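Following: one structure in structure tokens, then a few remarks.
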Amino acid sequence: MKLAVLIYEGPYNHEASDSAYNFVEAALEKGHEIRGIFFYHDGVYNVTKLMDPPQDDRHISKRWSELGAKGIDIVVCIAAAKRRGIVDDVLVDNVRISGLGQLTMMAIEAERMVVFGD
Amino acid sequence: MKLAVLIYEGPYNHEASDSAYNFVEAALEKGHEIRGIFFYHDGVYNVTKLMDPPQDDRHISKRWSELGAKGIDIVVCIAAAKRRGIVDDVLVDNVRISGLGQLTMMAIEAERMVVFGD
Amino acid sequence: MSDDVKKIMFTVRKGPHGTIYVYEGLEVKLIMAAYDADISVVFMDDGVYALQQGQKTGDLGIKGFEATYGVLVDYEISKVYVDKKSMEDRGMTVEDLVVIGEDEDTEEDIRPTVVDADQIAAMMAEQHNILPF
Amino acid sequence: MSDDVKKIMFTVRKGPHGTIYVYEGLEVKLIMAAYDADISVVFMDDGVYALQQGQKTGDLGIKGFEATYGVLVDYEISKVYVDKKSMEDRGMTVEDLVVIGEDEDTEEDIRPTVVDADQIAAMMAEQHNILPF
Amino acid sequence: MLHTVNKSPFQNGALESCLRFINEGDVILLIEDGVFGARTGTAKAALIENVLKTNKVYALSADVQARGITSVIDGIEVTDYAGFVDLVEQHSVHSWL
Amino acid sequence: MLHTVNKSPFQNGALESCLRFINEGDVILLIEDGVFGARTGTAKAALIENVLKTNKVYALSADVQARGITSVIDGIEVTDYAGFVDLVEQHSVHSWL
């Protein structure tokens, strides 16, 4: 089945990012197609390559980038990102900044959309 | 009176940052001393110079920087900042990254500490 | 609208201004209205306070968005519902609600439609996807 | 401790893992314990769940912090209180509580002290500053 | 429909709101802090016990374990992320954020 | 003491918790979404009306206006940021975040 995931909260601060990641991993293992992952609100902070968590902790932006390398379309909302200081220069690989039209297409084209946030 | 302010939430996303700013402005007008402003948790996002809000909106990191220029000690927690990708390179002027010892000194030395967050 | 146009619902459950969710959520609704989708918006819980008339955000130093609600119908977002019990619990009456447009023929103000929980539950069940904002 | 040592209280009202507040708040407590301050910590509302024994965060893929609670007394954070009613409402008993250290003489486990709202209110009133985490 | 609830019922009204809008045949999945509602012997247990008479309720195992919950209300099915995915496959979703 | 409450009493238990731990002579200041509790005619108005018998309650004007609240419960004093600062000067503070 074609699934999309929408994430509203920043990494580490809220469990939403972890829940979404674990959900996506499980969906891929079951052979589902991920139509896209969209970051909105504070969710845009998930994909900064400047994050540097303790060595024994998960590296959240690296995880998303690795999913992007598998061909999943990972999109960060441009309006939400600009306001919060997430720009192309600080983005991890395999993630792109685009407009809310992308979210719209995901909501229409995905058979299911799951939203994680606060 | 000697006051300190502690901020837990990111800019724009939560009103905490605005409440804190308005409170500090009012305290300064009344002649109180601001012992320091400390950013923790997602609060660390308040001071990135990369933010670029719409022209007709307030520029939150610029506002904090202007308060810093008046001599107020504005401190961002290093552990919280590293985890979230806030590093020296992206910091606005008049703000510094330091440890939780600074928060401790503020909590001890300020006669009142006011906390804004979610 | 063709038969296979997808139904997308927005649920607004948070109050205005305390967080940016209502404001940034409004941006999504306006964008999505330009696409070929059958959009509805339901205000429930503290979300009903987003529809309160006369919000004055000047002293807070932030932008308001009441004016944008005023043109929802112009943006062809006319399926706007508000949960009756949420309003009653929160001391709101129909007169408190913002105007979301004007009837083309009668020139009368259009306000969100007050519905009950059963009606909302039935609408939810028909959606292709639901986005909470 | 001299008479002018400042009393600083931490209030923990949020549950563990859903947000980072409890975890990053714990870092603050450990740092502050190294300074000359009279520290106390009060767990209330969902904060009492932070003290639940046997938290296994492996499947979530995040670090736990139960072990750190186990050394609070070693860090000289021994004024650790938990609100009775919050525990009762949430189905917790004293046996559920993590151990925060060991009595030097008796080698018995030390757990947080269960107190009621009046006691907490009285302690709050004595503080120099209170930090909610 | 699948209703996901990620808030503690002790601090937040999300679960109670969800229960007001639930249809016959809908299922509830407690995730994140929502799993506090799955614990036995709490002041909010009646909420879940009541909806269990008419609807299926799940709780996410990773979140249950992370919070040290060893006793879950009778009738709640504890499931993992794979089970979460299956529920999403079977139902359209509303997240009560 | 000054207790600041920034959560809506309809969605969050912060106000009710605060009321459980309040001392004689303490004051409450409603800010941000907390001001929804100041509105007349709501299902939560009794909470505030009750504490007003024993304690002083304030609401922050910028937040009251931003939410279009024109009718505030009798006895609540609406104050501005300058008044907030004065309250902080007079009392030590606990924020019920």
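Residues are referred to by chain and number: the chain letter is A, B, ... according to the order shown in the structure tokens, the number counts from 1 in that chain, and ligands are numbered separately from 1 in the order shown.
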| field | Which of region 84-133 of chain C DSSP labels strand (DSSP E), written as a ChimeraX atom specification | value | /C:101-102,109-110,113-115,129-132
| task | Please return, as a PyMOL selection string, all residues of chain B lying within 10 Å of chain A when only C-alpha atoms are considered. | result | chain B and resi 9-14+41-42+45-54+57+59-61+79-87+89-90
| task | Would you list the contacts of Glu24 (chain E) as a ChimeraX atom specification, taking every protein, DNA or RNA residue within 12 Å and counting only C-alpha atoms, but skipping same-chain residues closer than 5 positions in sequence? | result | /C:118,121-122,125 /E:1-2,19,51-56
| task | Take CA of Ala27 (chain B) and CA of Val93 (chain F) and report the distance between them in Å, one decimal. | result |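 Computing the Euclidean distance for CA of Ala27 (chain B) and CA of Val93 (chain F) yields 15.1 Å.
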Closest contacts (chain C/chain E, max 10 Å, only C-alpha atoms) as CSV:
```
residue,atom,partner,partner_atom,distance
C:Met9,CA,E:His94,CA,9.8
C:Phe10,CA,E:His94,CA,9.9
C:Thr11,CA,E:His94,CA,9.0
C:Val12,CA,E:Leu97,CA,9.8
C:Arg13,CA,E:Leu97,CA,8.1
C:Lys14,CA,E:Leu97,CA,8.9
C:Met44,CA,E:Ser17,CA,8.9
C:Asp45,CA,E:Ser17,CA,7.5
C:Ser86,CA,E:Ser17,CA,9.5
C:Asp116,CA,E:Phe21,CA,9.4
C:Ala117,CA,E:Phe21,CA,5.7
C:Asp118,CA,E:Phe21,CA,6.8
C:Gln119,CA,E:Phe21,CA,9.0
C:Ile120,CA,E:Phe21,CA,7.1
C:Ala121,CA,E:Phe21,CA,5.1
C:Ala122,CA,E:Asn23,CA,7.6
C:Met124,CA,E:His94,CA,8.4
C:Ala125,CA,E:Met1,CA,6.6
C:Glu126,CA,E:Ser92,CA,9.3
C:Gln127,CA,E:Ser92,CA,7.9
C:His128,CA,E:Ser92,CA,7.1
C:Asn129,CA,E:Ser92,CA,6.8
C:Ile130,CA,E:His94,CA,5.9
C:Leu131,CA,E:His94,CA,7.3
C:Pro132,CA,E:Ser95,CA,6.7
C:Phe133,CA,E:Leu97,CA,8.2
```
What are the residues of chain B lining chain F at 6 Å or less? Count only C-alpha atoms, and put the answer as a CSV table (one decimal) with all heavy atoms, in the first residue's frame.
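The result, written out as part11.csv:
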```
chain,number,residue,atom,x,y,z
B,23,PHE,N,8.1,40.1,28.4
B,23,PHE,CA,8.3,40.2,29.9
B,23,PHE,C,9.7,40.9,30.1
B,23,PHE,O,9.7,41.8,31.0
B,23,PHE,CB,8.4,38.8,30.5
B,23,PHE,CG,8.7,38.8,32.0
B,23,PHE,CD1,7.7,39.0,32.9
B,23,PHE,CD2,10.0,38.6,32.4
B,23,PHE,CE1,8.0,39.1,34.3
B,23,PHE,CE2,10.3,38.6,33.7
B,23,PHE,CZ,9.4,38.9,34.7
B,26,ALA,N,9.4,44.6,29.4
B,26,ALA,CA,8.7,45.3,30.5
B,26,ALA,C,9.5,45.4,31.7
B,26,ALA,O,9.5,46.5,32.4
B,26,ALA,CB,7.4,44.6,30.8
B,27,ALA,N,10.3,44.4,32.0
B,27,ALA,CA,11.2,44.4,33.2
B,27,ALA,C,12.3,45.5,33.1
B,27,ALA,O,12.6,46.2,34.0
B,27,ALA,CB,11.8,43.1,33.5
B,118,ASP,N,6.6,25.0,27.3
B,118,ASP,CA,5.4,24.3,27.0
B,118,ASP,C,5.0,23.3,28.1
B,118,ASP,O,5.9,22.6,28.6
B,118,ASP,CB,5.5,23.5,25.6
B,118,ASP,CG,4.2,23.0,25.2
B,118,ASP,OD1,3.1,23.7,25.3
B,118,ASP,OD2,4.1,21.8,24.7
```
| query | For chain C, which residues have at least one atom within 7 Å of chain A, if we go by only C-alpha atoms? Write them as an MDAnalysis selection string, please. | reply | chainID C and resid 6 28 31:32 129
After a least-squares superposition on chain D using every in-order C-alpha pair, I'd like chain C written out as a compact mmCIF listing (two decimals) with N, CA and C atoms, in the first residue's frame.
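Full text of selection_20.txt as output:
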```
# COMPACT_ATOMS: atom_id res chain seq x y z
N MET C 1 26.60 23.27 55.10
CA MET C 1 25.98 24.29 54.24
C MET C 1 25.73 25.57 55.03
N SER C 2 26.15 26.67 54.50
CA SER C 2 25.97 27.92 55.24
C SER C 2 24.52 28.39 55.15
N ASP C 3 24.17 29.34 55.99
CA ASP C 3 22.80 29.78 56.07
C ASP C 3 22.28 30.43 54.80
N ASP C 4 23.20 31.05 54.05
CA ASP C 4 22.71 31.77 52.88
C ASP C 4 22.78 30.91 51.61
N VAL C 5 22.95 29.60 51.80
CA VAL C 5 22.86 28.71 50.63
C VAL C 5 21.44 28.75 50.10
N LYS C 6 21.33 28.89 48.80
CA LYS C 6 20.01 29.08 48.21
C LYS C 6 19.28 27.75 48.01
N LYS C 7 18.00 27.77 48.29
CA LYS C 7 17.16 26.59 48.05
C LYS C 7 16.63 26.63 46.62
N ILE C 8 16.95 25.59 45.87
CA ILE C 8 16.45 25.48 44.50
C ILE C 8 15.64 24.19 44.40
N MET C 9 14.41 24.30 43.90
CA MET C 9 13.57 23.11 43.72
C MET C 9 13.34 22.84 42.23
N PHE C 10 13.33 21.56 41.91
CA PHE C 10 12.92 21.14 40.56
C PHE C 10 11.56 20.46 40.67
N THR C 11 10.64 20.84 39.81
CA THR C 11 9.37 20.12 39.75
C THR C 11 9.33 19.34 38.43
N VAL C 12 9.04 18.05 38.53
CA VAL C 12 8.96 17.19 37.33
C VAL C 12 7.51 16.78 37.16
N ARG C 13 6.86 17.31 36.15
CA ARG C 13 5.43 17.06 35.96
C ARG C 13 5.10 16.33 34.67
N LYS C 14 6.10 16.08 33.83
CA LYS C 14 5.84 15.42 32.55
C LYS C 14 6.31 13.96 32.59
N GLY C 15 5.67 13.15 31.81
CA GLY C 15 6.05 11.75 31.73
C GLY C 15 7.36 11.58 30.99
N PRO C 16 8.01 10.43 31.17
CA PRO C 16 9.28 10.18 30.49
C PRO C 16 9.07 9.76 29.03
N HIS C 17 10.04 10.09 28.19
CA HIS C 17 10.16 9.57 26.81
C HIS C 17 9.28 10.25 25.77
N GLY C 18 8.07 10.66 26.12
CA GLY C 18 7.20 11.33 25.15
C GLY C 18 7.85 12.63 24.68
N THR C 19 8.53 13.29 25.61
CA THR C 19 9.34 14.47 25.29
C THR C 19 10.67 14.33 26.02
N ILE C 20 11.60 15.23 25.70
CA ILE C 20 12.95 15.13 26.26
C ILE C 20 13.06 15.85 27.61
N TYR C 21 11.97 16.49 28.07
CA TYR C 21 12.07 17.34 29.25
C TYR C 21 12.63 16.62 30.47
N VAL C 22 12.14 15.41 30.74
CA VAL C 22 12.62 14.69 31.92
C VAL C 22 14.10 14.38 31.78
N TYR C 23 14.50 13.96 30.60
CA TYR C 23 15.89 13.57 30.36
C TYR C 23 16.84 14.77 30.46
N GLU C 24 16.55 15.82 29.73
CA GLU C 24 17.42 17.00 29.79
C GLU C 24 17.32 17.67 31.16
N GLY C 25 16.17 17.54 31.81
CA GLY C 25 16.03 18.08 33.15
C GLY C 25 16.92 17.35 34.15
N LEU C 26 17.08 16.07 33.94
CA LEU C 26 17.97 15.28 34.80
C LEU C 26 19.41 15.77 34.67
N GLU C 27 19.81 16.12 33.46
CA GLU C 27 21.16 16.65 33.25
C GLU C 27 21.37 17.94 34.07
N VAL C 28 20.35 18.78 34.13
CA VAL C 28 20.46 20.01 34.91
C VAL C 28 20.64 19.69 36.39
N LYS C 29 19.86 18.74 36.89
CA LYS C 29 19.95 18.39 38.31
C LYS C 29 21.35 17.91 38.67
N LEU C 30 21.92 17.07 37.84
CA LEU C 30 23.25 16.51 38.14
C LEU C 30 24.31 17.60 38.15
N ILE C 31 24.21 18.52 37.20
CA ILE C 31 25.17 19.64 37.16
C ILE C 31 24.99 20.52 38.39
N MET C 32 23.75 20.87 38.67
CA MET C 32 23.49 21.82 39.75
C MET C 32 23.91 21.26 41.11
N ALA C 33 23.88 19.93 41.22
CA ALA C 33 24.25 19.30 42.49
C ALA C 33 25.71 19.57 42.85
N ALA C 34 26.53 19.90 41.85
CA ALA C 34 27.94 20.16 42.10
C ALA C 34 28.16 21.57 42.65
N TYR C 35 27.13 22.38 42.62
CA TYR C 35 27.25 23.77 43.10
C TYR C 35 26.74 23.88 44.53
N ASP C 36 27.01 25.01 45.13
CA ASP C 36 26.61 25.23 46.50
C ASP C 36 25.16 25.70 46.56
N ALA C 37 24.26 24.74 46.47
CA ALA C 37 22.84 25.05 46.53
C ALA C 37 22.13 23.90 47.25
N ASP C 38 21.00 24.23 47.85
CA ASP C 38 20.23 23.23 48.58
C ASP C 38 19.11 22.73 47.66
N ILE C 39 19.38 21.57 47.04
CA ILE C 39 18.51 21.11 45.96
C ILE C 39 17.46 20.11 46.42
N SER C 40 16.25 20.29 45.91
CA SER C 40 15.23 19.26 46.11
C SER C 40 14.51 19.02 44.78
N VAL C 41 13.96 17.83 44.65
CA VAL C 41 13.25 17.47 43.42
C VAL C 41 11.89 16.91 43.81
N VAL C 42 10.84 17.42 43.16
CA VAL C 42 9.49 16.93 43.45
C VAL C 42 8.88 16.37 42.17
N PHE C 43 8.45 15.13 42.21
CA PHE C 43 7.78 14.51 41.08
C PHE C 43 6.27 14.55 41.33
N MET C 44 5.56 15.13 40.40
CA MET C 44 4.11 15.23 40.55
C MET C 44 3.46 15.06 39.17
N ASP C 45 2.14 14.90 39.15
CA ASP C 45 1.42 14.65 37.89
C ASP C 45 2.12 13.52 37.12
N ASP C 46 2.20 13.59 35.80
CA ASP C 46 2.81 12.49 35.05
C ASP C 46 4.30 12.33 35.35
N GLY C 47 4.88 13.32 36.02
CA GLY C 47 6.28 13.20 36.42
C GLY C 47 6.54 11.96 37.26
N VAL C 48 5.53 11.50 38.00
CA VAL C 48 5.75 10.32 38.84
C VAL C 48 6.10 9.09 37.99
N TYR C 49 5.62 9.07 36.75
CA TYR C 49 5.94 7.94 35.87
C TYR C 49 7.43 7.90 35.50
N ALA C 50 8.12 9.01 35.65
CA ALA C 50 9.56 9.01 35.41
C ALA C 50 10.26 8.11 36.42
N LEU C 51 9.61 7.91 37.59
CA LEU C 51 10.21 7.12 38.66
C LEU C 51 9.81 5.65 38.61
N GLN C 52 9.05 5.26 37.60
CA GLN C 52 8.64 3.87 37.49
C GLN C 52 9.86 2.98 37.22
N GLN C 53 9.98 1.92 38.01
CA GLN C 53 11.04 0.92 37.78
C GLN C 53 10.84 0.17 36.47
N GLY C 54 11.94 -0.33 35.93
CA GLY C 54 11.86 -1.30 34.83
C GLY C 54 11.51 -0.71 33.48
N GLN C 55 11.94 0.53 33.22
CA GLN C 55 11.69 1.14 31.90
C GLN C 55 12.67 0.56 30.88
N LYS C 56 12.13 -0.02 29.83
CA LYS C 56 12.97 -0.67 28.80
C LYS C 56 12.78 0.05 27.46
N THR C 57 13.77 0.89 27.13
CA THR C 57 13.61 1.76 25.96
C THR C 57 14.24 1.19 24.69
N GLY C 58 14.70 -0.05 24.75
CA GLY C 58 15.40 -0.64 23.60
C GLY C 58 14.59 -0.64 22.31
N ASP C 59 13.34 -1.08 22.37
CA ASP C 59 12.52 -1.16 21.15
C ASP C 59 12.21 0.22 20.58
N LEU C 60 12.26 1.23 21.44
CA LEU C 60 12.03 2.60 20.96
C LEU C 60 13.26 3.13 20.24
N GLY C 61 14.41 2.56 20.58
CA GLY C 61 15.65 3.03 19.96
C GLY C 61 16.22 4.28 20.63
N ILE C 62 15.82 4.52 21.86
CA ILE C 62 16.37 5.68 22.57
C ILE C 62 17.03 5.23 23.87
N LYS C 63 17.88 6.12 24.40
CA LYS C 63 18.57 5.82 25.65
C LYS C 63 17.61 5.95 26.83
N GLY C 64 17.73 5.06 27.80
CA GLY C 64 16.96 5.20 29.03
C GLY C 64 17.76 5.99 30.04
N PHE C 65 17.15 6.29 31.19
CA PHE C 65 17.90 7.04 32.20
C PHE C 65 17.61 6.53 33.60
N GLU C 66 17.01 5.34 33.68
CA GLU C 66 16.69 4.81 35.01
C GLU C 66 17.95 4.64 35.85
N ALA C 67 19.04 4.22 35.20
CA ALA C 67 20.29 3.99 35.93
C ALA C 67 20.78 5.28 36.59
N THR C 68 20.57 6.39 35.91
CA THR C 68 21.01 7.67 36.47
C THR C 68 20.23 8.01 37.74
N TYR C 69 18.93 7.70 37.74
CA TYR C 69 18.17 7.92 38.97
C TYR C 69 18.77 7.14 40.13
N GLY C 70 19.35 5.98 39.80
CA GLY C 70 19.91 5.10 40.82
C GLY C 70 21.08 5.70 41.58
N VAL C 71 21.69 6.74 41.03
CA VAL C 71 22.85 7.35 41.70
C VAL C 71 22.58 8.77 42.19
N LEU C 72 21.29 9.15 42.23
CA LEU C 72 20.97 10.52 42.69
C LEU C 72 21.55 10.79 44.08
N VAL C 73 21.43 9.82 44.97
CA VAL C 73 21.93 10.03 46.34
C VAL C 73 23.45 10.16 46.32
N ASP C 74 24.10 9.39 45.46
CA ASP C 74 25.56 9.52 45.33
C ASP C 74 25.95 10.93 44.87
N TYR C 75 25.10 11.53 44.07
CA TYR C 75 25.35 12.90 43.62
C TYR C 75 24.89 13.92 44.67
N GLU C 76 24.55 13.41 45.83
CA GLU C 76 24.06 14.25 46.94
C GLU C 76 22.74 14.94 46.63
N ILE C 77 21.95 14.29 45.77
CA ILE C 77 20.56 14.73 45.60
C ILE C 77 19.71 13.73 46.38
N SER C 78 19.45 14.07 47.64
CA SER C 78 18.73 13.09 48.45
C SER C 78 17.33 13.59 48.83
N LYS C 79 17.07 14.88 48.58
CA LYS C 79 15.72 15.39 48.85
C LYS C 79 14.86 15.16 47.62
N VAL C 80 14.39 13.95 47.49
CA VAL C 80 13.60 13.57 46.32
C VAL C 80 12.22 13.16 46.80
N TYR C 81 11.20 13.90 46.35
CA TYR C 81 9.84 13.70 46.84
C TYR C 81 8.91 13.32 45.69
N VAL C 82 7.87 12.59 46.04
CA VAL C 82 6.89 12.22 45.03
C VAL C 82 5.49 12.45 45.62
N ASP C 83 4.63 13.03 44.82
CA ASP C 83 3.29 13.40 45.28
C ASP C 83 2.38 12.17 45.38
N LYS C 84 1.81 11.99 46.56
CA LYS C 84 1.01 10.80 46.85
C LYS C 84 -0.19 10.66 45.91
N LYS C 85 -0.96 11.74 45.76
CA LYS C 85 -2.18 11.63 44.95
C LYS C 85 -1.85 11.36 43.47
N SER C 86 -0.79 11.99 42.97
CA SER C 86 -0.40 11.74 41.59
C SER C 86 -0.10 10.25 41.38
N MET C 87 0.58 9.65 42.37
CA MET C 87 0.88 8.22 42.28
C MET C 87 -0.39 7.38 42.30
N GLU C 88 -1.26 7.69 43.27
CA GLU C 88 -2.50 6.91 43.41
C GLU C 88 -3.34 6.99 42.14
N ASP C 89 -3.50 8.20 41.61
CA ASP C 89 -4.31 8.37 40.39
C ASP C 89 -3.73 7.57 39.22
N ARG C 90 -2.42 7.37 39.26
CA ARG C 90 -1.74 6.73 38.14
C ARG C 90 -1.40 5.26 38.39
N GLY C 91 -2.01 4.70 39.44
CA GLY C 91 -1.84 3.27 39.67
C GLY C 91 -0.46 2.86 40.15
N MET C 92 0.26 3.78 40.77
CA MET C 92 1.61 3.45 41.25
C MET C 92 1.64 3.29 42.76
N THR C 93 2.44 2.34 43.21
CA THR C 93 2.66 2.16 44.65
C THR C 93 4.15 2.38 44.93
N VAL C 94 4.49 2.42 46.21
CA VAL C 94 5.88 2.63 46.59
C VAL C 94 6.79 1.58 45.96
N GLU C 95 6.28 0.37 45.81
CA GLU C 95 7.09 -0.71 45.24
C GLU C 95 7.45 -0.44 43.77
N ASP C 96 6.66 0.38 43.10
CA ASP C 96 6.97 0.70 41.69
C ASP C 96 8.16 1.65 41.57
N LEU C 97 8.47 2.37 42.63
CA LEU C 97 9.46 3.46 42.52
C LEU C 97 10.89 2.96 42.33
N VAL C 98 11.65 3.64 41.52
CA VAL C 98 13.07 3.33 41.35
C VAL C 98 13.81 3.58 42.66
N VAL C 99 14.92 2.90 42.78
CA VAL C 99 15.82 3.11 43.92
C VAL C 99 16.75 4.26 43.53
N ILE C 100 16.96 5.22 44.43
CA ILE C 100 17.81 6.37 44.09
C ILE C 100 19.15 6.34 44.83
N GLY C 101 19.38 5.26 45.59
CA GLY C 101 20.66 5.14 46.28
C GLY C 101 20.56 4.12 47.40
N GLU C 102 21.60 4.10 48.19
CA GLU C 102 21.67 3.11 49.26
C GLU C 102 22.09 3.82 50.55
N ASP C 103 21.47 3.44 51.64
CA ASP C 103 21.84 4.02 52.93
C ASP C 103 23.24 3.55 53.31
N GLU C 104 24.13 4.50 53.62
CA GLU C 104 25.53 4.15 53.89
C GLU C 104 25.67 3.19 55.06
N ASP C 105 24.84 3.37 56.07
CA ASP C 105 24.97 2.55 57.27
C ASP C 105 24.24 1.22 57.13
N THR C 106 22.98 1.30 56.80
CA THR C 106 22.17 0.08 56.79
C THR C 106 22.25 -0.67 55.45
N GLU C 107 22.81 -0.02 54.44
CA GLU C 107 22.86 -0.60 53.08
C GLU C 107 21.46 -0.86 52.51
N GLU C 108 20.46 -0.25 53.11
CA GLU C 108 19.11 -0.42 52.58
C GLU C 108 18.87 0.51 51.40
N ASP C 109 18.01 0.07 50.49
CA ASP C 109 17.66 0.91 49.33
C ASP C 109 16.98 2.19 49.79
N ILE C 110 17.34 3.27 49.12
CA ILE C 110 16.63 4.54 49.36
C ILE C 110 15.73 4.80 48.16
N ARG C 111 14.48 5.13 48.44
CA ARG C 111 13.53 5.49 47.39
C ARG C 111 13.04 6.92 47.62
N PRO C 112 12.44 7.52 46.62
CA PRO C 112 11.88 8.85 46.83
C PRO C 112 10.88 8.83 47.99
N THR C 113 10.74 9.94 48.67
CA THR C 113 9.84 10.05 49.81
C THR C 113 8.45 10.47 49.34
N VAL C 114 7.44 9.69 49.71
CA VAL C 114 6.07 10.02 49.33
C VAL C 114 5.54 11.10 50.28
N VAL C 115 5.03 12.18 49.71
CA VAL C 115 4.51 13.30 50.49
C VAL C 115 3.14 13.71 49.93
N ASP C 116 2.42 14.53 50.69
CA ASP C 116 1.12 14.97 50.16
C ASP C 116 1.20 16.42 49.68
N ALA C 117 0.11 16.88 49.11
CA ALA C 117 0.10 18.20 48.47
C ALA C 117 0.45 19.31 49.45
N ASP C 118 -0.04 19.23 50.68
CA ASP C 118 0.24 20.29 51.66
C ASP C 118 1.73 20.39 51.95
N GLN C 119 2.37 19.23 52.07
CA GLN C 119 3.81 19.23 52.33
C GLN C 119 4.57 19.86 51.16
N ILE C 120 4.14 19.51 49.95
CA ILE C 120 4.80 20.06 48.76
C ILE C 120 4.59 21.58 48.70
N ALA C 121 3.36 22.00 48.93
CA ALA C 121 3.06 23.43 48.90
C ALA C 121 3.92 24.18 49.92
N ALA C 122 4.09 23.59 51.09
CA ALA C 122 4.89 24.24 52.13
C ALA C 122 6.36 24.32 51.70
N MET C 123 6.87 23.26 51.07
CA MET C 123 8.26 23.28 50.60
C MET C 123 8.44 24.32 49.49
N MET C 124 7.47 24.37 48.59
CA MET C 124 7.56 25.33 47.49
C MET C 124 7.72 26.75 48.01
N ALA C 125 6.96 27.04 49.06
CA ALA C 125 6.94 28.40 49.60
C ALA C 125 8.29 28.82 50.16
N GLU C 126 9.14 27.84 50.48
CA GLU C 126 10.46 28.15 51.08
C GLU C 126 11.57 28.35 50.07
N GLN C 127 11.28 28.13 48.79
CA GLN C 127 12.36 28.10 47.80
C GLN C 127 12.82 29.49 47.36
N HIS C 128 14.09 29.55 47.01
CA HIS C 128 14.64 30.74 46.36
C HIS C 128 14.14 30.79 44.92
N ASN C 129 14.32 29.71 44.19
CA ASN C 129 13.79 29.60 42.84
C ASN C 129 13.34 28.17 42.56
N ILE C 130 12.34 28.04 41.68
CA ILE C 130 11.82 26.72 41.32
C ILE C 130 11.91 26.56 39.80
N LEU C 131 12.52 25.46 39.38
CA LEU C 131 12.65 25.20 37.94
C LEU C 131 11.80 23.99 37.55
N PRO C 132 10.81 24.19 36.71
CA PRO C 132 9.98 23.07 36.26
C PRO C 132 10.67 22.33 35.12
N PHE C 133 10.78 21.03 35.24
CA PHE C 133 11.34 20.22 34.15
C PHE C 133 10.49 18.99 33.89
```
| helix (DSSP H, G or I) per DSSP on the backbone: members of chain F, as a ChimeraX atom specification | /F:14-20,32-38,45-51,61-66,81-90
| said: What's around Val75 (chain B) at 9 Å? Count only C-alpha atoms, leave out sequence neighbours fewer than 5 positions away in its own chain, and write the answer as a ChimeraX atom specification. | reply: /B:36-39,95-99,102-103
| note | CA of Leu28 (chain A) sits from CA of Lys2 (chain A) at a separation of 10.6 Å
| request: Fewer than 3 positions away in the same chain doesn't count, so skip those; otherwise give me all residues within 7 Å of Val57 (chain E), counting only C-alpha atoms, as a ChimeraX atom specification. | output: /E:27-29,52,76-77
Just N, CA, C and O atoms for this one: save the residues we selected as an mmCIF file, in the first residue's frame.
```cif
data_model
loop_
_atom_site.group_PDB
_atom_site.id
_atom_site.type_symbol
_atom_site.label_atom_id
_atom_site.label_comp_id
_atom_site.auth_asym_id
_atom_site.auth_seq_id
_atom_site.Cartn_x
_atom_site.Cartn_y
_atom_site.Cartn_z
ATOM 1 N N VAL E 27 -11.081 1.542 15.560
ATOM 2 C CA VAL E 27 -10.139 1.048 16.564
ATOM 3 C C VAL E 27 -9.256 2.188 17.059
ATOM 4 O O VAL E 27 -9.064 3.187 16.364
ATOM 5 N N ILE E 28 -8.762 2.025 18.279
ATOM 6 C CA ILE E 28 -7.893 3.029 18.897
ATOM 7 C C ILE E 28 -6.517 2.407 19.102
ATOM 8 O O ILE E 28 -6.404 1.269 19.546
ATOM 9 N N LEU E 29 -5.488 3.178 18.774
ATOM 10 C CA LEU E 29 -4.118 2.742 19.062
ATOM 11 C C LEU E 29 -3.463 3.790 19.963
ATOM 12 O O LEU E 29 -3.354 4.965 19.604
ATOM 13 N N LEU E 52 -13.765 -0.365 25.503
ATOM 14 C CA LEU E 52 -13.456 -1.750 25.122
ATOM 15 C C LEU E 52 -14.716 -2.601 24.935
ATOM 16 O O LEU E 52 -14.685 -3.639 24.276
ATOM 17 N N ILE E 76 -7.033 -4.926 26.084
ATOM 18 C CA ILE E 76 -6.143 -4.152 25.212
ATOM 19 C C ILE E 76 -5.142 -5.106 24.576
ATOM 20 O O ILE E 76 -4.552 -5.948 25.264
ATOM 21 N N GLU E 77 -4.951 -4.958 23.287
ATOM 22 C CA GLU E 77 -3.961 -5.787 22.611
ATOM 23 C C GLU E 77 -2.672 -4.990 22.432
ATOM 24 O O GLU E 77 -2.687 -3.903 21.846
#
```
